[in-house]
$ cat coords-v4.cif   # mmCIF, C-alpha atoms and all ligand atoms
data_target
#
loop_
_atom_site.label_atom_id
_atom_site.label_comp_id
_atom_site.auth_asym_id
_atom_site.auth_seq_id
_atom_site.Cartn_x
_atom_site.Cartn_y
_atom_site.Cartn_z
CA MET A 1 13.61 119.43 90.42
CA SER A 2 10.79 121.57 91.62
CA LYS A 3 12.38 121.02 94.90
CA LEU A 4 11.74 119.24 98.11
CA LYS A 5 11.70 121.33 101.22
CA HIS A 6 13.55 120.43 104.38
CA GLU A 7 16.95 120.59 105.86
CA CYS A 8 18.99 122.08 108.56
CA GLY A 9 22.74 122.01 109.03
CA ILE A 10 24.39 121.51 112.41
CA ALA A 11 28.00 121.86 113.50
CA GLY A 12 29.83 121.63 116.80
CA ILE A 13 33.52 122.08 117.68
CA PHE A 14 35.38 121.33 120.92
CA ALA A 15 38.97 122.62 121.14
CA LYS A 16 41.48 120.13 122.56
CA ASN A 17 43.31 123.03 124.17
CA LYS A 18 40.96 125.22 126.20
CA ASN A 19 42.94 128.34 125.25
CA ASN A 20 42.17 127.90 121.55
CA ASN A 21 39.40 129.96 120.02
CA ILE A 22 37.31 127.90 117.58
CA ILE A 23 34.67 130.47 116.58
CA GLU A 24 36.24 131.33 113.23
CA LYS A 25 36.50 127.65 112.33
CA LEU A 26 32.90 127.06 113.37
CA ILE A 27 31.67 129.93 111.20
CA PHE A 28 33.61 128.45 108.28
CA SER A 29 32.08 125.01 108.93
CA ILE A 30 28.49 126.14 109.28
CA SER A 31 28.87 128.27 106.13
CA LYS A 32 29.80 125.08 104.28
CA LEU A 33 26.43 123.69 105.37
CA GLN A 34 24.49 126.73 104.18
CA HIS A 35 22.93 124.65 101.37
CA ARG A 36 20.98 122.78 104.08
CA GLY A 37 18.95 125.81 105.16
CA GLN A 38 18.85 129.53 104.60
CA ASP A 39 16.02 130.85 106.75
CA SER A 40 17.96 131.55 109.93
CA CYS A 41 21.22 130.75 111.64
CA GLY A 42 22.91 130.92 115.00
CA ILE A 43 25.82 130.08 117.26
CA ALA A 44 25.82 129.08 120.94
CA TYR A 45 29.20 129.25 122.65
CA ILE A 46 30.79 128.93 126.07
CA GLN A 47 32.39 131.88 127.85
CA ASN A 48 33.35 131.54 131.53
CA GLU A 49 31.26 128.38 131.82
CA LYS A 50 28.15 130.26 130.70
CA ILE A 51 26.40 129.73 127.39
CA LYS A 52 25.94 132.72 125.12
CA ASN A 53 23.70 132.53 122.12
CA LYS A 54 23.34 134.65 119.00
CA THR A 55 20.69 133.90 116.40
CA ALA A 56 19.61 135.79 113.29
CA LEU A 57 17.35 135.55 110.27
CA GLY A 58 19.02 134.88 106.92
CA LEU A 59 22.45 133.72 105.87
CA ILE A 60 25.56 133.10 107.94
CA LYS A 61 27.72 135.40 105.82
CA ASP A 62 25.31 138.28 106.38
CA ASN A 63 25.14 137.78 110.14
CA PHE A 64 28.42 136.31 111.35
CA SER A 65 31.15 137.69 109.06
CA ASN A 66 32.22 140.17 111.74
CA PHE A 67 31.48 138.02 114.76
CA LYS A 68 34.43 138.58 117.09
CA GLU A 69 33.47 136.56 120.18
CA LYS A 70 35.89 133.89 121.42
CA SER A 71 35.20 130.41 122.73
CA ASN A 72 36.73 126.95 122.90
CA ILE A 73 33.38 125.05 122.75
CA ALA A 74 30.46 125.98 120.50
CA ILE A 75 27.67 124.71 118.30
CA ALA A 76 26.01 126.29 115.26
CA HIS A 77 22.90 125.88 113.16
CA THR A 78 21.49 126.86 109.82
CA ARG A 79 17.76 126.43 109.50
CA TYR A 80 15.14 125.62 106.97
CA ALA A 81 11.80 126.11 108.71
CA THR A 82 9.58 123.02 108.80
CA ILE A 83 7.97 123.02 112.25
CA GLY A 84 7.49 126.65 113.25
CA LYS A 85 7.50 129.58 110.84
CA ILE A 86 10.45 131.76 109.86
CA ASP A 87 10.78 133.88 112.94
CA ILE A 88 13.77 134.89 115.01
CA LYS A 89 12.25 133.18 118.04
CA ASN A 90 12.37 129.84 116.16
CA ALA A 91 15.99 130.31 115.08
CA GLN A 92 18.45 127.84 116.62
CA PRO A 93 20.42 127.02 118.72
CA TYR A 94 17.63 127.06 121.30
CA PHE A 95 18.82 128.03 124.75
CA PHE A 96 17.34 127.20 128.19
CA ASN A 97 18.83 126.93 131.71
CA ASN A 98 22.46 127.14 130.52
CA VAL A 99 21.97 124.38 127.93
CA ALA A 100 21.74 124.98 124.16
CA VAL A 101 20.52 122.57 121.47
CA CYS A 102 20.35 122.51 117.73
CA PHE A 103 18.70 119.95 115.61
CA ASN A 104 18.14 118.56 112.10
CA GLY A 105 15.00 116.49 111.56
CA THR A 106 11.50 116.35 112.92
CA ILE A 107 9.69 114.89 115.90
CA SER A 108 6.30 115.23 114.18
CA ALA A 109 3.22 114.84 116.41
CA ASN A 110 5.12 116.98 118.87
CA THR A 111 1.83 118.13 120.48
CA LYS A 112 1.84 114.93 122.55
CA TYR A 113 5.14 115.88 124.24
CA LYS A 114 4.14 119.51 124.55
CA LYS A 115 0.94 118.61 126.36
CA ILE A 116 2.74 116.45 128.92
CA LEU A 117 5.35 119.14 129.46
CA LYS A 118 2.75 121.89 129.85
CA ASN A 119 0.93 119.78 132.43
CA ALA A 120 4.24 119.44 134.25
CA GLY A 121 4.59 123.23 134.36
CA TYR A 122 6.88 123.93 131.40
CA ALA A 123 6.13 127.06 129.37
CA PHE A 124 7.05 127.38 125.69
CA ASP A 125 8.77 130.29 123.94
CA THR A 126 8.96 128.89 120.41
CA ASN A 127 7.27 126.50 118.00
CA SER A 128 10.43 124.51 117.36
CA ASP A 129 11.09 120.84 118.00
CA SER A 130 14.40 121.76 119.64
CA GLU A 131 12.64 123.38 122.55
CA ILE A 132 10.43 120.32 123.04
CA ILE A 133 13.38 117.92 122.96
CA LEU A 134 15.44 119.97 125.40
CA LYS A 135 12.59 120.45 127.86
CA TRP A 136 11.69 116.78 127.53
CA ILE A 137 15.23 115.86 128.58
CA PHE A 138 14.99 118.22 131.57
CA PHE A 139 11.62 116.70 132.47
CA LYS A 140 12.81 113.09 132.20
CA THR A 141 16.18 113.51 133.92
CA ASN A 142 14.81 115.85 136.58
CA LYS A 143 18.31 116.92 137.59
CA ASN A 144 20.97 119.51 137.01
CA PRO A 145 22.30 119.22 133.42
CA ASN A 146 25.86 119.17 134.79
CA ASN A 147 25.02 115.66 135.95
CA TRP A 148 23.56 114.44 132.67
CA SER A 149 25.32 111.42 131.19
CA LEU A 150 25.67 110.38 127.56
CA ASP A 151 23.91 107.04 128.05
CA GLU A 152 21.08 108.45 130.09
CA ILE A 153 20.20 111.04 127.41
CA ARG A 154 20.64 108.48 124.65
CA HIS A 155 18.20 106.11 126.35
CA ILE A 156 15.61 108.87 126.76
CA LEU A 157 15.89 109.85 123.10
CA ASN A 158 15.94 106.29 121.78
CA ASN A 159 12.95 105.24 123.86
CA ASP A 160 10.77 108.34 123.71
CA PHE A 161 11.49 109.50 120.14
CA LYS A 162 11.38 106.15 118.35
CA ASN A 163 10.70 106.46 114.64
CA LYS A 164 11.41 110.19 114.70
CA ALA A 165 14.16 111.71 112.61
CA TYR A 166 16.81 113.76 114.37
CA SER A 167 20.45 114.57 114.50
CA LEU A 168 20.89 116.58 117.65
CA LEU A 169 23.65 118.59 119.35
CA ILE A 170 23.51 119.56 123.03
CA LEU A 171 25.94 122.13 124.40
CA LEU A 172 26.70 122.10 128.12
CA LYS A 173 29.22 124.30 129.96
CA ASP A 174 32.07 121.82 129.50
CA LYS A 175 30.99 119.35 126.81
CA ILE A 176 29.02 118.67 123.66
CA PHE A 177 26.67 115.70 123.30
CA ALA A 178 25.55 114.57 119.83
CA PHE A 179 22.86 111.99 119.03
CA LYS A 180 21.36 110.36 116.00
CA ASP A 181 17.89 108.78 115.79
CA ILE A 182 17.63 105.00 115.84
CA TYR A 183 16.92 104.65 112.09
CA SER A 184 19.65 107.08 111.06
CA TYR A 185 17.36 109.23 108.91
CA ARG A 186 19.77 112.18 108.88
CA PRO A 187 23.55 112.14 108.61
CA LEU A 188 25.86 113.07 111.50
CA ILE A 189 29.62 112.78 111.31
CA PHE A 190 32.28 112.98 114.00
CA ILE A 191 35.63 114.32 112.86
CA GLU A 192 38.88 114.62 114.78
CA THR A 193 41.44 117.15 113.56
CA LYS A 194 44.84 117.99 115.02
CA ASN A 195 43.41 120.51 117.49
CA GLU A 196 39.67 119.85 117.63
CA TYR A 197 36.86 117.34 117.99
CA CYS A 198 34.04 118.20 115.61
CA ILE A 199 30.57 117.00 114.79
CA PHE A 200 28.91 117.99 111.50
CA SER A 201 25.85 117.22 109.37
CA GLU A 202 28.23 116.59 106.46
CA ASP A 203 31.98 116.24 106.17
CA CYS A 204 32.19 119.08 103.62
CA ALA A 205 32.17 121.30 106.74
CA THR A 206 35.69 120.11 107.64
CA PHE A 207 38.32 122.85 107.68
CA GLU A 208 41.40 120.60 107.50
CA THR A 209 42.34 117.01 106.73
CA PRO A 210 40.73 114.81 109.39
CA LEU A 211 42.75 112.43 111.54
CA LYS A 212 39.60 110.39 112.11
CA LYS A 213 36.09 110.35 110.66
CA ILE A 214 33.10 108.36 112.02
CA GLU A 215 29.53 108.46 110.70
CA LEU A 216 27.35 107.87 113.76
CA LYS A 217 25.16 104.78 113.62
CA GLY A 218 21.42 104.78 114.33
CA GLY A 219 20.67 105.47 117.98
CA GLN A 220 24.31 106.24 118.76
CA GLY A 221 25.59 109.18 120.78
CA ILE A 222 28.95 110.83 121.26
CA GLU A 223 30.33 113.08 123.96
CA LEU A 224 33.12 115.57 123.29
CA ASN A 225 34.91 116.76 126.42
CA LYS A 226 38.32 117.84 127.75
CA ASN A 227 39.52 114.23 127.93
CA GLY A 228 38.63 113.39 124.35
CA TYR A 229 35.50 111.73 123.07
CA ILE A 230 33.24 108.88 124.18
CA LEU A 231 31.24 106.97 121.58
CA SER A 232 28.21 105.09 122.89
CA ASP A 233 26.82 101.84 121.55
CA PRO A 234 24.43 102.16 118.62
CA TYR A 235 20.79 101.16 118.97
CA ASN A 236 20.46 97.41 118.67
CA SER A 237 18.75 97.23 115.27
CA THR A 238 19.83 95.86 111.91
CA LYS A 239 17.46 98.04 109.93
CA SER A 240 18.11 101.67 109.14
CA LYS A 241 16.05 104.15 107.12
CA LYS A 242 18.58 106.62 105.83
CA CYS A 243 16.96 109.31 103.69
CA VAL A 244 17.93 108.66 100.04
CA PHE A 245 17.47 112.34 99.24
CA GLU A 246 20.48 113.16 101.36
CA ILE A 247 22.55 111.51 98.60
CA ILE A 248 20.35 112.45 95.62
CA TYR A 249 19.78 116.08 96.42
CA PHE A 250 20.36 117.56 99.88
CA ALA A 251 24.01 116.92 100.59
CA SER A 252 26.87 118.82 99.00
CA LYS A 253 28.56 117.09 96.07
CA ASN A 254 31.77 117.48 98.09
CA SER A 255 30.45 115.40 100.96
CA ASN A 256 30.51 111.82 102.10
CA VAL A 257 27.34 111.10 104.02
CA PHE A 258 26.20 107.75 105.39
CA ASN A 259 29.68 106.51 104.37
CA MET A 260 28.87 107.19 100.70
CA ASN A 261 30.55 109.59 98.36
CA VAL A 262 27.74 111.83 97.12
CA LYS A 263 29.29 112.65 93.75
CA GLU A 264 30.13 109.02 92.91
CA LYS A 265 26.61 107.84 93.74
CA ARG A 266 25.01 110.55 91.62
CA ILE A 267 27.23 109.49 88.70
CA LEU A 268 26.26 105.85 89.22
CA LEU A 269 22.55 106.72 89.29
CA GLY A 270 22.97 108.61 85.99
CA GLU A 271 24.71 105.59 84.46
CA LEU A 272 21.96 103.25 85.62
CA LEU A 273 19.33 105.60 84.24
CA ALA A 274 21.14 105.63 80.88
CA SER A 275 21.53 101.86 80.81
CA LYS A 276 17.79 101.42 80.19
CA ASP A 277 17.28 104.32 77.81
CA ASN A 278 17.61 104.53 74.03
CA VAL A 279 16.01 107.81 73.05
CA ASP A 280 17.91 109.59 70.25
CA ALA A 281 19.47 112.90 71.17
CA ASP A 282 22.28 115.31 70.21
CA ILE A 283 23.14 116.54 73.70
CA VAL A 284 22.63 115.79 77.40
CA VAL A 285 21.86 118.92 79.41
CA PRO A 286 22.14 118.92 83.23
CA VAL A 287 19.82 120.88 85.47
CA MET A 288 22.33 122.57 87.72
CA ASN A 289 23.44 121.96 90.36
CA SER A 290 22.12 118.73 91.83
CA GLY A 291 21.34 117.22 88.39
CA PHE A 292 24.90 117.68 87.15
CA TRP A 293 26.68 114.49 88.28
CA GLY A 294 23.74 112.32 87.25
CA ALA A 295 23.82 113.97 83.82
CA TYR A 296 27.56 113.38 83.66
CA GLY A 297 27.05 109.65 84.37
CA TYR A 298 24.22 109.47 81.85
CA SER A 299 26.20 111.19 79.10
CA LYS A 300 29.28 109.04 79.74
CA LYS A 301 27.31 105.81 79.64
CA ARG A 302 25.49 106.66 76.40
CA GLY A 303 28.34 108.51 74.71
CA ILE A 304 26.20 111.59 74.12
CA LYS A 305 27.87 114.97 74.54
CA LEU A 306 27.29 116.79 77.84
CA CYS A 307 26.35 120.40 77.17
CA PHE A 308 25.89 123.25 79.66
CA ALA A 309 22.99 124.85 77.85
CA ILE A 310 21.10 126.00 80.94
CA LYS A 311 22.72 128.66 83.04
CA ASN A 312 21.93 128.80 86.69
CA ASN A 313 21.65 132.16 88.38
CA LYS A 314 23.86 131.66 91.44
CA ASN A 315 22.10 134.39 93.38
CA THR A 316 18.80 132.55 93.65
CA LEU A 317 18.22 130.18 96.55
CA ARG A 318 17.78 126.45 96.06
CA THR A 319 14.17 126.19 94.97
CA PHE A 320 13.23 123.40 97.35
CA ILE A 321 13.81 125.66 100.30
CA GLU A 322 11.77 128.46 98.81
CA LYS A 323 8.31 129.06 100.15
CA GLU A 324 5.49 128.18 97.75
CA ASN A 325 4.47 131.76 96.89
CA LYS A 326 8.04 132.64 95.93
CA ARG A 327 8.93 129.37 94.21
CA ASN A 328 7.61 130.07 90.73
CA LYS A 329 9.21 133.49 90.65
CA THR A 330 12.54 131.98 91.74
CA ILE A 331 12.40 129.33 89.03
CA ASP A 332 11.73 132.07 86.42
CA GLU A 333 14.77 133.97 87.63
CA LYS A 334 16.92 130.89 88.14
CA TYR A 335 17.37 129.48 84.64
CA LYS A 336 18.65 131.02 81.44
CA VAL A 337 18.99 128.98 78.23
CA ILE A 338 21.90 129.56 75.82
CA LYS A 339 20.16 129.68 72.46
CA ASN A 340 22.99 128.68 70.12
CA LYS A 341 23.59 125.51 72.13
CA VAL A 342 20.02 124.24 71.91
CA LYS A 343 18.66 125.49 68.57
CA ASP A 344 17.65 122.57 66.30
CA LYS A 345 18.89 120.04 68.85
CA ASN A 346 17.24 116.95 70.28
CA ILE A 347 17.90 117.26 74.00
CA ILE A 348 17.96 114.96 77.01
CA VAL A 349 17.61 116.95 80.21
CA VAL A 350 18.78 115.17 83.38
CA ASP A 351 17.66 116.18 86.86
CA ASP A 352 17.58 114.41 90.21
CA SER A 353 13.80 114.19 90.70
CA ILE A 354 10.43 115.78 90.14
CA VAL A 355 8.29 117.02 92.99
CA ARG A 356 5.75 119.56 91.80
CA GLY A 357 6.89 119.83 88.19
CA HIS A 358 7.44 123.61 88.05
CA THR A 359 11.10 123.24 87.02
CA VAL A 360 10.40 120.67 84.28
CA LYS A 361 7.68 122.85 82.79
CA LYS A 362 9.77 125.98 82.86
CA ILE A 363 12.89 124.37 81.42
CA THR A 364 10.95 122.63 78.66
CA TYR A 365 9.28 125.93 77.79
CA LEU A 366 12.61 127.78 77.72
CA LEU A 367 14.37 125.11 75.62
CA LYS A 368 11.57 124.99 73.05
CA LYS A 369 11.29 128.77 72.95
CA ASN A 370 15.01 128.84 72.08
CA GLY A 371 14.60 126.41 69.18
CA ALA A 372 15.08 122.90 70.68
CA LYS A 373 13.65 120.24 68.36
CA SER A 374 12.72 117.85 71.16
CA VAL A 375 13.09 117.73 74.96
CA HIS A 376 13.29 114.45 76.89
CA PHE A 377 13.34 114.63 80.69
CA ARG A 378 15.26 111.95 82.61
CA LEU A 379 15.24 111.64 86.39
CA PHE A 380 17.68 109.65 88.48
CA SER A 381 15.23 108.99 91.30
CA PRO A 382 11.91 107.10 91.08
CA PRO A 383 8.58 109.00 91.05
CA ILE A 384 7.76 110.63 94.40
CA ILE A 385 4.20 109.59 95.19
CA ASN A 386 3.86 109.93 98.94
CA VAL A 387 4.37 112.42 101.74
CA CYS A 388 7.34 112.40 104.11
CA ASN A 389 6.84 112.16 107.86
CA TRP A 390 10.52 112.59 108.71
CA GLY A 391 11.24 116.24 108.17
CA VAL A 392 11.25 116.66 104.39
CA ASP A 393 8.37 118.95 103.72
CA ILE A 394 6.35 116.98 101.18
CA SER A 395 3.19 117.70 103.04
CA SER A 396 0.39 116.71 100.68
CA LYS A 397 0.04 114.13 97.93
CA GLU A 398 -1.98 116.61 95.86
CA GLU A 399 1.12 118.72 95.24
CA LEU A 400 3.06 115.77 93.84
CA LEU A 401 3.13 115.61 90.06
CA ALA A 402 3.83 111.87 89.89
CA CYS A 403 0.91 111.23 92.19
CA LYS A 404 -1.45 113.29 90.08
CA TYR A 405 -0.48 111.46 86.87
CA LYS A 406 0.04 107.96 88.21
CA SER A 407 0.18 105.58 85.19
CA LYS A 408 -1.01 108.34 82.87
CA ASP A 409 2.26 109.13 81.10
CA ASN A 410 0.60 110.70 78.09
CA ASP A 411 -1.34 113.16 80.22
CA LEU A 412 1.83 113.98 82.15
CA ILE A 413 3.81 114.63 78.97
CA LYS A 414 0.96 116.80 77.68
CA GLU A 415 0.89 118.85 80.88
CA LEU A 416 4.66 119.33 80.95
CA LYS A 417 4.88 119.80 77.15
CA THR A 418 7.96 117.56 77.01
CA ASP A 419 8.45 114.89 74.32
CA SER A 420 9.08 112.15 76.85
CA ILE A 421 9.78 111.62 80.52
CA LYS A 422 11.46 108.66 82.23
CA TYR A 423 12.56 107.83 85.76
CA ILE A 424 15.31 105.48 86.86
CA PRO A 425 13.74 102.00 87.10
CA TYR A 426 12.97 101.21 90.73
CA GLU A 427 14.81 97.85 90.66
CA LEU A 428 18.02 99.59 89.53
CA PHE A 429 17.57 102.29 92.15
CA CYS A 430 17.35 99.54 94.80
CA LYS A 431 20.76 98.24 93.73
CA VAL A 432 22.22 101.49 95.08
CA PHE A 433 19.76 102.06 97.92
CA ASN A 434 18.76 98.75 99.44
CA GLU A 435 15.35 98.97 101.09
CA ASN A 436 16.62 97.39 104.30
CA GLN A 437 19.01 100.23 104.83
CA TRP A 438 17.34 103.22 103.18
CA CYS A 439 13.99 104.94 103.50
CA HIS A 440 11.83 104.49 100.40
CA SER A 441 8.57 105.71 101.92
CA CYS A 442 7.99 108.59 99.51
CA PHE A 443 8.23 106.19 96.52
CA LYS A 444 5.53 103.90 97.90
CA GLU A 445 1.80 103.92 98.41
CA ASP A 446 0.59 103.81 102.03
S1 LIG A 501 10.08 109.64 102.93
FE1 LIG A 501 11.51 110.23 101.28
S2 LIG A 501 12.16 112.30 101.80
FE2 LIG A 501 11.27 111.41 103.67
S3 LIG A 501 12.99 110.52 104.79
FE3 LIG A 501 12.13 108.91 103.50
S4 LIG A 501 13.34 109.01 101.60
FE4 LIG A 501 13.68 110.91 102.72
#
$ encode --input "coords-v4.cif" --output "structure tokens"
Amino acid sequence: MSKLKHECGIAGIFAKNKNNNIIEKLIFSISKLQHRGQDSCGIAYIQNEKIKNKTALGLIKDNFSNFKEKSNIAIAHTRYATIGKIDIKNAQPYFFNNVAVCFNGTISANTKYKKILKNAGYAFDTNSDSEIILKWIFFKTNKNPNNWSLDEIRHILNNDFKNKAYSLLILLKDKIFAFKDIYSYRPLIFIETKNEYCIFSEDCATFETPLKKIELKGGQGIELNKNGYILSDPYNSTKSKKCVFEIIYFASKNSNVFNMNVKEKRILLGELLASKDNVDADIVVPVMNSGFWGAYGYSKKRGIKLCFAIKNNKNTLRTFIEKENKRNKTIDEKYKVIKNKVKDKNIIVVDDSIVRGHTVKKITYLLKKNGAKSVHFRLFSPPIINVCNWGVDISSKEELLACKYKSKDNDLIKELKTDSIKYIPYELFCKVFNENQWCHSCFKED
């Protein structure tokens, strides 16, 4: 996949015993969410009832490996920049008046809120949505944050940020609040362990076997405090719009998000893709890493050997979170084809999706250069033909390959220099991701 851009990872831990230090566990957890964003990172933590905050550009391992501070309550963030450029001032958690927040999602059209807040006398230090949300809560509650209640904040968010996508953590001196938007666009999971209450973007961040695990529902909030946890009611709606790309691409293969096992669903999508395909081939080659389990399902279903013919350079970043000017260079450095595995072979390449087409072009070129007889691309998501308004940075239709070549398969094949290209049929895709429960907006015309 010439990748989608988006993503942030959030994590919060509250120690059941106030004498326990959870910082090391939190660093472990947020590192497990590093795949969700690599631009900047940070931790906000409580010491003597005051919030301290450390943010940095780059990876967690490069900035927090020797972090020796202690705390029993803390939140952490890893950021991919969507709103606001890569700049230390936009790194999260964002901190204001002894409250810290971190956030995954977007409240696009944020200028409306900013204008109201500026008129009310609020100044802005960053370009991030987190700052707007936090100051909006201050503005609407108009009271000391020590008196904020779970339901009051939830009502403000649910009413004022309808149809926005957010999973949000708020750190106060003695508690953590967590909230999910009413349509449940982004995952957010509460986990109880023996000694902690935790809240994570994905459950792969867990450091030990959970005693309890709850995926928050749309519009629901949770409070973690010294007495335990309080789960609010969800928003009263039957429809959700969970982002399908959380399962297809963003989430770790080791995660369960939206109560789905990511690996199992990718295998199923590969099987469904294979069930409607009959192209002859000698091997099925996965595009690592997110294409792997789909390729596995495809190869199993069709009884064609799975072959690791494309090596992935582990040191390159995920290409969807690369900035445009670096993306092509990264793709060049990312893939290496093993010649003796592909020479004189007819090859099916399986990947999760196509956005701009750079990866398909490059891989086809490399396979043919190394002697492949034919290259057939197979994708286990439908064509992406529209922009995303909920935090995944597909910002213009012009950049989308499937949009450019709508119903012109021959032209598309010519441009990519593949022998054929096929997507999972939309009706099969809907069997896994029902449109009443999942967002399909980027597969549809306006
Ligand atoms: S439009 Fe696409 S990328 Fe955006 S939230 Fe919906 S499914 Fe996810």
$ closest_residue --input "coords-v4.cif" --among "A:Lys173, A:Lys369, A:Arg36, A:Arg186" --to "ligand LIG 501 (chain A)" --atoms "only C-alpha atoms and all ligand atoms"
A:Arg186
$ residues_near_ligand --input "coords-v4.cif" --ligand "ligand LIG 501 (chain A)" --cutoff "9 Å" --atoms "all atoms listed in the file" --output "compact mmCIF listing (two decimals) with C-alpha atoms, keeping the file's coordinate frame"
# COMPACT_ATOMS: atom_id res chain seq x y z
CA LEU A 4 11.74 119.24 98.11
CA HIS A 6 13.55 120.43 104.38
CA ALA A 165 14.16 111.71 112.61
CA TYR A 185 17.36 109.23 108.91
CA ARG A 186 19.77 112.18 108.88
CA LYS A 241 16.05 104.15 107.12
CA LYS A 242 18.58 106.62 105.83
CA CYS A 243 16.96 109.31 103.69
CA VAL A 244 17.93 108.66 100.04
CA PHE A 245 17.47 112.34 99.24
CA GLU A 246 20.48 113.16 101.36
CA ILE A 384 7.76 110.63 94.40
CA ASN A 386 3.86 109.93 98.94
CA VAL A 387 4.37 112.42 101.74
CA CYS A 388 7.34 112.40 104.11
CA ASN A 389 6.84 112.16 107.86
CA TRP A 390 10.52 112.59 108.71
CA GLY A 391 11.24 116.24 108.17
CA VAL A 392 11.25 116.66 104.39
CA ASP A 393 8.37 118.95 103.72
CA ILE A 394 6.35 116.98 101.18
CA TRP A 438 17.34 103.22 103.18
CA CYS A 439 13.99 104.94 103.50
CA HIS A 440 11.83 104.49 100.40
CA SER A 441 8.57 105.71 101.92
CA CYS A 442 7.99 108.59 99.51
CA PHE A 443 8.23 106.19 96.52
CA LYS A 444 5.53 103.90 97.90
$ residues_around --input "coords-v4.cif" --residues "range 112-124 of chain A" --least-positions-apart "4" --cutoff "9 Å" --atoms "only C-alpha atoms" --output "PyMOL selection string"
chain A and resi 131-133+135-136+139
$ residues_around --input "coords-v4.cif" --residues "range 380-383 of chain A" --least-positions-apart "3" --cutoff "8 Å" --atoms "only C-alpha atoms" --output "MDAnalysis selection string"
chainID A and resid 248 269:270 273 294 350:354 402 423:426 429 443
$ closest_residue --input "coords-v4.cif" --among "A:Asn254, A:Ser128, A:Ser65, A:Ser167" --to "Thr206 in chain A" --atoms "only C-alpha atoms"
A:Asn254
$ residues_around --input "coords-v4.cif" --residues "Lys18 in chain A" --least-positions-apart "4" --cutoff "10 Å" --atoms "all atoms listed in the file" --output "count of residues only"
6
$ residues_around --input "coords-v4.cif" --residues "Asn144 in chain A" --least-positions-apart "5" --cutoff "12 Å" --atoms "only C-alpha atoms" --output "list in words"
Asn97, Asn98, Val99, Ile137, Phe138, Phe139, Ser149, Leu172 and Lys173 of chain A
$ residues_around --input "coords-v4.cif" --residues "Phe177 in chain A" --least-positions-apart "6" --cutoff "9 Å" --atoms "all atoms listed in the file" --output "list in words"
Leu150, Ile153, Leu168, Leu169, Ile170, Leu171, Gly221, Ile222, Glu223, Leu224 and Asn225 of chain A
